[in-house]
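Trainee: The following block contains the structure, expressed as structure tokens.
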Amino acid sequence: MPTAMSSDTKHVPHALKADIAVIGAGIAGIAHALEAARRGLSVVLFERNTHALGASIRNFGIVLPLGMSPGTIHERALRSRAVWLEIAEQAGIWHKSTGALVAAYHEDEHAVLNEFIEEAPRLGYRCAWLDPEEVVRRSPALRTNGLQGGLWSPEEVIVDPREAITKLPGYLRHTYNVELRFGKTVTGITMPYIEAGGETWCVERAIVCSGTDFETLYPAAFAASGLTRCKLQMMRTVPQPGRWRLGPILATGLSLRHYPAFSLCPSLPALKRRITQNHPAFEQWGIHILVAQNGAGELLLGDSHEYGWTPDPFDRPEIDALILTYLETILAPPSLTILQRWHGVYAKHPAHDVFLAEPEPNVRIVNGLGGTGMTTSFGLAQDVFTDWEGTRSLALQKLP
Ligand SMILES: Cc1cc2nc3c(=O)[nH]c(=O)nc-3n(C[C@H](O)[C@H](O)[C@H](O)COP(=O)(O)OP(=O)(O)OC[C@H]3O[C@@H](n4cnc5c(N)ncnc54)[C@H](O)[C@@H]3O)c2cc1C
């Protein structure tokens, strides 16, 4: 396997030293830096930009154990949630344990949710069915016309990613003495050396959390990985007037197609068929709809999923219109005036929940978290280090 840099591997006398280098200060890099520091390792965290601008700052900020695949990933999400609650408190980051509601407006949505609730206790999910009155009591903006009830899950948490991803590096520095090298691109790794913005670091281990940058480090490994990119369009409203609060994070029947947790439900194929027939544009643009509210009172609305190695740089107003039109049929908050529109891009593997590889000894690539990075990264980082110590075994993808 080629290494990531072409420079020689001779001894570099003036190299800076750390036990471990983490490359990329999105949520995956932050989580691995935290876990390494908690294990008593000295850590240097590199970020190309002066603050991280990738998927981690562009997302909803929803920690959503409910949607995760049963077993390892769901359990990882619950451990991540516990870390979020702990560090958000310590770092003074706004967060709210709102739980989540999945509202059912169709027979097939009702059926899928009830099938899921039946299996939930066995699989470790805590959730319950609510009748329409109880749904509206928790989430007063939902329209009652056609509402059949909903699934309530108490585990979900919302953070504001713009605040969290900006503040957490400072928390790592102050609390754990993590060395921050922001505004420095890592251009080469030949263990034990890391080259970044004119500095050379000598480290024992490195973790590459480079998100959708598949080209700078280990490009051959990424080219062979099967990873692709996925572009998502998002919107946020003006702050809701009168300090109005949404209540729980809201998901819709469309989300049941999206989250792997629900794939165990026998009624899911019928639901998918109805949506494909009645809403082909939702299928075309991978639209499923979530609504969450941040600390400023703004509603975050999204999203769509367009896959491909080279995402279109331009957004599609028709996707936003589809999301808003659908939303208006089920939700009547005080204001749906849009304040901001943007898109984010994440890396995704078609067959694996996460892409883990060892491109050279003592280096791990941690990537391909898809739509789950905010939900699972802290637990994943725990697993990566436990695995590295030889006490748990994670499947590493083979590289050519
Ligand atoms: C619109 C949207 C909504 C989402 N909503 C949610 C949600 O609500 N809940 C959830 O769980 N997940 C959500 N996700 C998914 C989540 O955001 C991603 O899984 C996660 O952010 C991926 O984190 P990452 O650290 O791997 O990548 P990124 O956040 O992209 O970070 C990678 C970082 O590495 C840096 N970097 C790359 N190469 C180098 C280099 N050579 N040197 C230095 N720095 C480098 C980049 O600058 C970047 O900052 C959403 C994603 C999007 C796009």
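Identifiers for the structure tokens are assigned positionally: chains receive A, B, ... in sequence, residues are indexed from 1 per chain, and ligands are indexed from 1 in the order shown.
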Any chance you could tabulate, as JSON lines, the residues of range 32-97 of chain A at most 7 Å from range 373-384 of chain A with each one's nearest atom pair and distance in Å to one decimal, using only C-alpha atoms, in chain and rising number order?

Mentor:
```
{"residue": "A:His32", "atom": "CA", "partner": "A:Ala381", "partner_atom": "CA", "distance": 5.0}
{"residue": "A:Glu35", "atom": "CA", "partner": "A:Ala381", "partner_atom": "CA", "distance": 6.2}
{"residue": "A:Gly61", "atom": "CA", "partner": "A:Met374", "partner_atom": "CA", "distance": 6.4}
{"residue": "A:Ile62", "atom": "CA", "partner": "A:Met374", "partner_atom": "CA", "distance": 6.7}
{"residue": "A:Val63", "atom": "CA", "partner": "A:Thr375", "partner_atom": "CA", "distance": 4.3}
{"residue": "A:Leu64", "atom": "CA", "partner": "A:Thr375", "partner_atom": "CA", "distance": 5.7}
{"residue": "A:Pro65", "atom": "CA", "partner": "A:Thr375", "partner_atom": "CA", "distance": 6.6}
{"residue": "A:Arg76", "atom": "CA", "partner": "A:Gly379", "partner_atom": "CA", "distance": 4.7}
{"residue": "A:Ala77", "atom": "CA", "partner": "A:Thr376", "partner_atom": "CA", "distance": 4.5}
{"residue": "A:Arg79", "atom": "CA", "partner": "A:Gly379", "partner_atom": "CA", "distance": 5.3}
{"residue": "A:Ser80", "atom": "CA", "partner": "A:Phe378", "partner_atom": "CA", "distance": 4.6}
{"residue": "A:Arg81", "atom": "CA", "partner": "A:Thr375", "partner_atom": "CA", "distance": 6.9}
{"residue": "A:Val83", "atom": "CA", "partner": "A:Phe378", "partner_atom": "CA", "distance": 6.6}
```

Trainee: Can you tell me which residues surround Ile207 in chain A at a distance of at most 6 Å, considering only C-alpha atoms, apart from same-chain residues fewer than 2 positions away, and format the answer as a PyMOL selection string?

Mentor: chain A and resi 22+363-365

Trainee: Pick out the closest residue to ligand 1 from this set: A:Glu179, A:Glu306, A:Glu283, A:Glu47. Count only C-alpha atoms and all ligand atoms.

Mentor: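 Counting only C-alpha atoms and all ligand atoms, the residue closest to ligand 1 is A:Glu47.
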
Trainee: How would you report the residues lying within 7 Å of ligand 1, as a count of residues only, if you count only C-alpha atoms and all ligand atoms?

Mentor: 54

Trainee: Contacts of Met68 in chain A at 8 Å or less, counting only C-alpha atoms, minus same-chain residues fewer than 5 places along, as a PyMOL selection string?

Mentor: chain A and resi 73-74+77+259-261+372

Trainee: Which of these, A:Leu113, A:Ala120, A:Ala18, A:Ala224, has the shortest distance to Ala206 in chain A once you count only C-alpha atoms?

Mentor: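 Distance minimum relative to Ala206 in chain A lands on A:Ala18.
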
Trainee: Between A:Thr72, A:Ala88, A:Leu290, A:Leu327, which is the closest to Ile165 in chain A once you count only C-alpha atoms?

Mentor: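 Once distances to Ile165 in chain A are computed over only C-alpha atoms, the minimum belongs to A:Ala88.
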
Trainee: Residues of range 11-155 of chain A classed as alpha helix (DSSP H) by DSSP on the backbone are to be reported as a ChimeraX atom specification.

Mentor: /A:27-38,55-58,72-91,107-123,132-138

Trainee: Find the residues around Trp201 in chain A up to 6 Å (only C-alpha atoms counted), leave out those fewer than 3 positions away in its own chain, and share them as a PyMOL selection string.

Mentor: chain A and resi 15-17+193-194

Trainee: Keeping N, CA and C atoms, export the residues of the selection given above as a tab-separated table (two decimals), in the first residue's frame.

Mentor:
```tsv
chain	number	residue	atom	x	y	z
A	15	ALA	N	11.60	17.23	14.85
A	15	ALA	CA	10.16	16.97	14.76
A	15	ALA	C	9.50	17.20	16.12
A	16	LEU	N	8.29	17.76	16.07
A	16	LEU	CA	7.48	17.90	17.29
A	16	LEU	C	6.94	16.52	17.65
A	17	LYS	N	6.62	16.33	18.93
A	17	LYS	CA	6.26	14.96	19.33
A	17	LYS	C	4.88	14.90	19.99
A	193	TYR	N	6.13	9.97	10.85
A	193	TYR	CA	6.13	11.42	10.62
A	193	TYR	C	4.84	11.90	9.94
A	194	ILE	N	4.44	13.09	10.39
A	194	ILE	CA	3.25	13.77	9.83
A	194	ILE	C	3.72	15.13	9.35
```

Trainee: Could you give me the residues within range 38-106 of chain A that DSSP places in strand (DSSP E or B), as a short mmCIF file (atom, residue, chain, number, x, y, z; two decimals) with C-alpha atoms, in the first residue's frame?

Mentor:
```
data_model
loop_
_atom_site.label_atom_id
_atom_site.label_comp_id
_atom_site.auth_asym_id
_atom_site.auth_seq_id
_atom_site.Cartn_x
_atom_site.Cartn_y
_atom_site.Cartn_z
CA VAL A 43 -2.74 14.35 21.18
CA VAL A 44 -2.27 16.75 18.29
CA LEU A 45 -5.44 17.56 16.31
CA PHE A 46 -5.01 18.92 12.78
CA GLU A 47 -7.68 20.79 10.85
CA ILE A 62 -29.51 15.36 16.23
CA VAL A 63 -28.25 12.49 18.36
CA HIS A 95 -28.17 20.91 24.27
CA LYS A 96 -31.63 19.57 24.95
CA ALA A 100 -38.19 12.23 19.22
CA LEU A 101 -41.64 11.71 17.77
CA VAL A 102 -42.40 9.91 14.53
CA ALA A 103 -45.87 11.02 13.46
CA ALA A 104 -48.04 8.56 11.52
#
```

Trainee: Quick one: residues within 12 Å of Lys272 in chain A, only C-alpha atoms, excluding same-chain residues fewer than 5 positions away - as a list in words?

Mentor: Asp108, Glu109, Val112, Gly253, Leu254, Ser255, Leu256, Arg257, His258, Phe262, Ser263, Cys265, Pro266, Ser267, Gln277, Asn278, His279, Pro280, Phe282, Glu283, Gly286 and His288 of chain A

Trainee: For Arg236 in chain A, find every residue with an atom within 8 Å (counting only C-alpha atoms), except residues of its own chain fewer than 4 positions away, and show them as a list of chain:residue names.

Mentor: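 Here the answer would be A:Glu298, A:Leu299, A:Leu300, A:Leu301, A:Ile338, A:Leu339, A:Gln340, A:Arg341.
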
Trainee: Restricting the calculation to only C-alpha atoms, which member of A:Tyr125, A:Trp244, A:Tyr176, A:Phe182 is positioned closest to Pro154 in chain A?

Mentor: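 Of all the options, A:Tyr125 lies closest to Pro154 in chain A.
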
Trainee: Could you jot down the CA of Leu142 in chain A to CA of Thr325 in chain A separation for me, Å, one decimal place?

Mentor: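 It comes out at 14.3 Å.
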